[in-house]
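Student: Got a structure for you, model-v3.csv, holding CSV, C-alpha atoms.
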```csv
chain,number,residue,atom,x,y,z
A,286,MET,CA,-37.6,-46.8,-40.9
A,287,THR,CA,-35.0,-45.4,-38.5
A,288,ARG,CA,-36.1,-43.4,-35.5
A,289,THR,CA,-34.6,-39.9,-35.6
A,290,PHE,CA,-36.3,-38.6,-32.5
A,291,THR,CA,-33.9,-38.2,-29.5
A,292,SER,CA,-35.0,-37.3,-26.0
A,293,LEU,CA,-33.7,-34.3,-24.2
A,294,TRP,CA,-32.2,-36.6,-21.5
A,295,GLN,CA,-30.1,-38.4,-24.2
A,296,LEU,CA,-28.9,-35.1,-25.7
A,297,ARG,CA,-27.8,-33.8,-22.4
A,298,HIS,CA,-25.7,-36.9,-21.7
A,299,ARG,CA,-24.3,-37.0,-25.2
A,300,TYR,CA,-23.1,-33.4,-25.2
A,301,PRO,CA,-22.3,-32.5,-21.6
A,302,ARG,CA,-22.0,-28.7,-21.0
A,303,GLN,CA,-18.5,-27.5,-20.1
A,304,ALA,CA,-17.5,-25.3,-17.1
A,305,GLN,CA,-20.9,-25.1,-15.5
A,306,GLY,CA,-22.0,-25.1,-11.9
A,307,ILE,CA,-20.2,-24.1,-8.7
A,308,ASP,CA,-16.4,-24.2,-8.3
A,309,ILE,CA,-16.3,-26.5,-5.4
A,310,ARG,CA,-12.6,-26.0,-4.5
A,311,HIS,CA,-12.8,-22.2,-4.4
A,312,HIS,CA,-16.5,-21.8,-3.5
A,313,HIS,CA,-15.9,-19.8,-0.3
A,314,VAL,CA,-12.6,-18.2,-1.2
A,315,LYS,CA,-12.8,-14.4,-0.8
A,316,LYS,CA,-10.7,-11.8,-2.5
A,317,GLY,CA,-8.2,-10.2,-0.1
A,318,ASN,CA,-8.3,-6.8,-1.6
A,319,ARG,CA,-10.1,-4.1,0.3
A,320,THR,CA,-13.1,-2.4,-1.3
A,321,ALA,CA,-13.5,0.2,1.5
A,322,PRO,CA,-11.4,1.5,4.3
A,323,LYS,CA,-11.7,-0.1,7.7
A,324,SER,CA,-11.4,3.4,9.3
A,325,GLU,CA,-14.6,5.2,10.3
A,326,ASP,CA,-13.0,8.6,10.0
A,327,PRO,CA,-15.7,10.8,8.3
A,328,TYR,CA,-13.2,12.9,6.4
A,329,LEU,CA,-11.5,9.9,4.9
A,330,LEU,CA,-14.9,8.5,4.0
A,331,LEU,CA,-15.8,11.7,2.2
A,332,LEU,CA,-12.5,11.5,0.2
A,333,VAL,CA,-13.4,7.9,-0.7
A,334,LYS,CA,-16.8,8.9,-1.9
A,335,LEU,CA,-15.3,11.6,-4.1
A,336,TYR,CA,-12.5,9.4,-5.6
A,337,ARG,CA,-14.9,6.5,-6.1
A,338,PHE,CA,-17.0,8.9,-8.3
A,339,LEU,CA,-13.9,10.2,-10.1
A,340,ALA,CA,-12.5,6.7,-10.6
A,341,ARG,CA,-15.8,5.5,-12.1
A,342,ARG,CA,-16.6,8.5,-14.2
A,343,THR,CA,-13.2,9.4,-15.6
A,344,ASP,CA,-10.6,7.4,-17.6
A,345,SER,CA,-7.8,8.6,-15.3
A,346,LYS,CA,-5.6,5.9,-13.8
A,347,PHE,CA,-4.5,8.4,-11.1
A,348,ASN,CA,-8.0,8.5,-9.5
A,349,LYS,CA,-8.1,4.7,-9.4
A,350,VAL,CA,-4.7,4.5,-7.7
A,351,ILE,CA,-5.6,7.2,-5.2
A,352,LEU,CA,-8.8,5.4,-4.4
A,353,HIS,CA,-7.0,2.1,-3.8
A,354,ARG,CA,-4.4,3.8,-1.6
A,355,LEU,CA,-7.2,5.4,0.5
A,356,PHE,CA,-8.4,1.9,1.4
A,357,LEU,CA,-5.0,0.7,2.7
A,358,SER,CA,-4.1,0.0,6.3
A,359,LYS,CA,-1.7,2.3,8.2
A,360,THR,CA,1.3,0.0,7.7
A,361,ASN,CA,0.6,0.0,4.0
A,362,ARG,CA,0.5,3.8,3.9
A,363,PRO,CA,4.0,4.5,5.2
A,364,PRO,CA,5.0,8.1,5.9
A,365,ILE,CA,7.5,10.0,3.7
A,366,SER,CA,9.9,12.7,5.0
A,367,LEU,CA,10.5,16.1,3.4
A,368,SER,CA,14.1,15.1,2.6
A,369,LYS,CA,12.9,12.0,0.8
A,370,ILE,CA,10.4,14.2,-1.2
A,371,ALA,CA,13.1,16.7,-2.1
A,372,LYS,CA,15.5,13.9,-3.2
A,373,GLU,CA,13.0,12.0,-5.2
A,374,THR,CA,11.7,15.0,-7.1
A,375,GLU,CA,15.2,16.6,-7.5
A,376,LYS,CA,15.4,15.7,-11.2
A,377,THR,CA,11.7,16.2,-12.0
A,378,PRO,CA,11.3,18.7,-14.9
A,379,ASP,CA,9.4,21.8,-14.0
A,380,ARG,CA,9.0,20.7,-10.4
A,381,ASP,CA,7.7,24.1,-9.1
A,382,SER,CA,4.5,23.9,-11.2
A,383,LYS,CA,3.7,20.2,-10.2
A,384,ILE,CA,1.7,18.9,-7.2
A,385,ILE,CA,3.5,16.2,-5.2
A,386,VAL,CA,0.9,13.7,-3.9
A,387,GLN,CA,1.4,11.4,-1.0
A,388,VAL,CA,-1.6,9.3,0.3
A,389,GLY,CA,-0.3,9.2,3.9
A,390,THR,CA,1.7,11.4,6.3
A,391,VAL,CA,4.4,13.9,5.4
A,392,THR,CA,7.0,14.1,8.2
A,393,ASP,CA,9.8,16.6,9.0
A,394,ASP,CA,13.5,15.8,8.7
A,395,ILE,CA,15.9,18.0,10.6
A,396,ARG,CA,18.8,16.8,8.4
A,397,LEU,CA,17.3,18.8,5.5
A,398,THR,CA,18.6,22.3,6.2
A,399,GLU,CA,16.7,24.1,3.4
A,400,VAL,CA,13.2,23.0,2.3
A,401,PRO,CA,12.6,23.8,-1.4
A,402,LYS,CA,9.4,25.5,-2.6
A,403,LEU,CA,7.1,22.6,-3.2
A,404,THR,CA,3.4,22.1,-3.6
A,405,ILE,CA,2.5,19.0,-1.6
A,406,ALA,CA,-0.9,17.3,-1.1
A,407,ALA,CA,-1.2,14.6,1.6
A,408,LEU,CA,-3.7,13.1,4.0
A,409,ARG,CA,-1.8,14.4,7.0
A,410,PHE,CA,1.2,16.7,7.8
A,411,THR,CA,3.1,16.7,11.1
A,412,HIS,CA,3.1,20.1,12.8
A,413,ALA,CA,6.8,20.8,12.1
A,414,ALA,CA,6.6,19.6,8.5
A,415,LYS,CA,3.6,21.8,7.7
A,416,GLU,CA,5.3,24.8,9.3
A,417,ARG,CA,8.5,24.3,7.2
A,418,ILE,CA,6.5,23.9,4.0
A,419,LEU,CA,4.6,27.1,4.5
A,420,ASN,CA,7.7,29.0,5.6
A,421,ALA,CA,9.3,28.0,2.3
A,422,GLY,CA,6.5,29.6,0.4
A,423,ALA,CA,4.9,26.4,-0.6
A,424,ARG,CA,1.2,25.4,-0.3
A,425,THR,CA,-0.9,22.3,0.3
A,426,PRO,CA,-3.7,22.1,-2.4
A,427,PHE,CA,-6.2,19.6,-3.5
A,428,PRO,CA,-4.7,17.3,-6.2
A,429,HIS,CA,-6.0,17.0,-9.7
A,430,TRP,CA,-5.0,14.1,-11.9
A,431,CYS,CA,-2.9,16.2,-14.3
A,432,ASN,CA,0.5,17.7,-13.5
A,433,THR,CA,1.1,15.6,-10.4
A,434,VAL,CA,4.0,13.5,-9.0
A,435,LEU,CA,2.7,10.5,-7.0
A,436,LEU,CA,5.0,9.4,-4.3
A,437,ARG,CA,4.9,6.9,-1.3
A,438,GLY,CA,7.1,6.0,1.6
A,439,VAL,CA,9.2,2.9,2.0
A,440,LYS,CA,7.0,0.2,3.4
A,441,ASN,CA,9.7,-2.0,5.1
A,442,SER,CA,11.5,0.8,6.9
A,443,ARG,CA,9.4,0.3,10.1
A,444,GLU,CA,11.4,-0.6,13.2
A,445,ALA,CA,9.4,-3.8,13.5
A,446,ASN,CA,10.6,-5.0,10.1
A,447,LYS,CA,14.2,-5.2,11.4
A,448,HIS,CA,13.2,-8.1,13.7
A,449,PHE,CA,11.3,-10.2,11.1
A,450,GLY,CA,12.9,-13.5,9.9
A,451,MET,CA,15.3,-13.9,12.9
A,452,GLY,CA,17.5,-16.9,12.7
A,453,PRO,CA,21.1,-18.1,12.3
A,454,HIS,CA,23.2,-15.9,10.0
A,455,LYS,CA,20.1,-13.8,9.0
A,456,HIS,CA,21.6,-10.5,10.4
A,457,LYS,CA,18.3,-9.6,11.9
A,458,LYS,CA,17.7,-7.5,15.0
A,459,PRO,CA,17.0,-9.6,18.1
A,460,TYR,CA,14.3,-8.7,20.6
A,461,THR,CA,16.6,-8.0,23.6
A,462,ILE,CA,16.3,-5.8,26.6
A,463,SER,CA,20.1,-5.0,26.6
A,464,LYS,CA,23.3,-5.8,24.8
A,465,GLY,CA,25.2,-6.4,28.0
A,466,ARG,CA,27.4,-9.3,29.2
A,467,LYS,CA,24.5,-11.3,30.7
A,468,VAL,CA,21.9,-11.0,28.0
A,469,GLU,CA,21.7,-13.2,24.8
A,470,ARG,CA,25.3,-14.2,24.9
A,471,ALA,CA,24.9,-18.0,24.6
A,472,ARG,CA,23.5,-20.0,21.6
A,473,GLY,CA,24.0,-18.0,18.4
A,474,ARG,CA,26.6,-15.7,19.9
A,475,ARG,CA,29.4,-18.2,20.7
A,476,LYS,CA,31.0,-21.0,18.8
A,477,SER,CA,31.0,-23.2,21.9
A,478,ARG,CA,27.2,-22.9,22.2
A,479,GLY,CA,25.9,-24.2,18.9
A,480,PHE,CA,26.8,-21.5,16.4
A,481,LYS,CA,28.0,-17.9,16.2
A,482,VAL,CA,26.4,-15.3,14.0
```
Any chance you could give the structure as structure tokens?

Tutor:
Amino acid sequence: MTRTFTSLWQLRHRYPRQAQGIDIRHHHVKKGNRTAPKSEDPYLLLLVKLYRFLARRTDSKFNKVILHRLFLSKTNRPPISLSKIAKETEKTPDRDSKIIVQVGTVTDDIRLTEVPKLTIAALRFTHAAKERILNAGARTPFPHWCNTVLLRGVKNSREANKHFGMGPHKHKKPYTISKGRKVERARGRRKSRGFKV
């Protein structure tokens, strides 16, 4: 008579469980995405509380995007000028009835001679920009998720970005105190001193 009884220990080793336990290689790896803003600004935290609720309780992707952008650092919330807003929304159908949303700062641009009548919602306006918007007969309301145009500034247009990646033939801006005869005119600027850019 054959023995059909098998112990639990034998079963466990005969059929090992797959994908169990702790991932040793990535045990302490954290996600890099922010789940809250670093700022302690009470008004920003109130906005986060509101959009956290809206993102959770509605199916709107707009609310989730706004919430994510409220978490971002200042360099990842670049400003946008009035001229850029006017240019980007130039071909938007029925622009006058739409709310233009920018999670960041709206700045003035003196090159824009005439500001169109726009409805803009943003975290912050510079004094000159707000004055010109209001003088054009526009307003700055609270944005809903319907009938909006979501914009953001150019992230790499900061002055600091012009210096990043400096090297031979990279056409990057050097950190130099002057562009005179005595300053940074050796290696990299003359064929006789290594190379010339």

Student: Taking only C-alpha atoms into account, name the residue in A:Arg472, A:Lys383, A:Arg443, A:Arg396 that is nearest to Cys431 (chain A).

Tutor: A:Lys383

Student: Rounded to one decimal place, report the CA of Asp326 (chain A)-CA of Thr360 (chain A) distance in Å.

Tutor: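 Between CA of Asp326 (chain A) and CA of Thr360 (chain A) the gap works out to 16.8 Å.
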
Student: For the interface of region 397-462 of chain A with region 345-359 of chain A (cut-off 10 Å, counting only C-alpha atoms), please tabulate each contacting residue of region 397-462 of chain A alongside its nearest pair of atoms and their separation in Å to one decimal, rows sorted by chain and increasing number, as JSON lines.

Tutor:
```
{"residue": "A:Leu408", "atom": "CA", "partner": "A:Leu355", "partner_atom": "CA", "distance": 9.2}
{"residue": "A:Pro428", "atom": "CA", "partner": "A:Asn348", "partner_atom": "CA", "distance": 10.0}
{"residue": "A:His429", "atom": "CA", "partner": "A:Asn348", "partner_atom": "CA", "distance": 8.7}
{"residue": "A:Trp430", "atom": "CA", "partner": "A:Phe347", "partner_atom": "CA", "distance": 5.8}
{"residue": "A:Cys431", "atom": "CA", "partner": "A:Phe347", "partner_atom": "CA", "distance": 8.6}
{"residue": "A:Thr433", "atom": "CA", "partner": "A:Phe347", "partner_atom": "CA", "distance": 9.1}
{"residue": "A:Leu435", "atom": "CA", "partner": "A:Phe347", "partner_atom": "CA", "distance": 8.5}
{"residue": "A:Arg437", "atom": "CA", "partner": "A:Arg354", "partner_atom": "CA", "distance": 9.8}
```

Student: Excluding Lys457 (chain A) and residues on its chain fewer than 4 positions from it, collect all residues at most 12 Å away from it, counting only C-alpha atoms, and give them as a count of residues only.

Tutor: 12

Student: Considering only C-alpha atoms, can you say which of A:Arg478, A:Arg417, A:Lys316, A:His412 comes closest to Leu397 (chain A)?

Tutor: A:Arg417

Student: With distances taken over all atoms listed in the file, which of A:Lys402, A:Lys315, A:Lys455, A:Lys464 is nearest to Ile370 (chain A)?

Tutor: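 Of all the options, A:Lys402 lies closest to Ile370 (chain A).
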
Student: Just to confirm, what's the straight-line distance from CA of Pro378 (chain A) to CA of Leu403 (chain A) in Å (one decimal)?

Tutor: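 According to the coordinates, CA of Pro378 (chain A) and CA of Leu403 (chain A) are separated by 13.0 Å.
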
Student: For Glu373 (chain A), which residue out of A:Val388, A:Ile309, A:Val434, A:Val333 is the nearest one, using all atoms listed in the file?

Tutor: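 Closest to Glu373 (chain A) of all the choices is A:Val434.
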
Student: Just give me the gap between CA of Ser477 (chain A) and CA of His454 (chain A) in Å, one decimal is fine.

Tutor: 16.0 Å

Student: Between A:Phe410, A:Phe338, A:Phe427, A:Tyr328, which residue has the minimum interatomic distance to Pro364 (chain A), considering all atoms listed in the file?

Tutor: A:Phe410

Student: Counting only C-alpha atoms, figure out which residue out of A:Lys476, A:Thr411, A:Glu325, A:Gln387 gets nearest to Val439 (chain A).

Tutor: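 Checking each candidate against Val439 (chain A), we get A:Gln387 as the closest.
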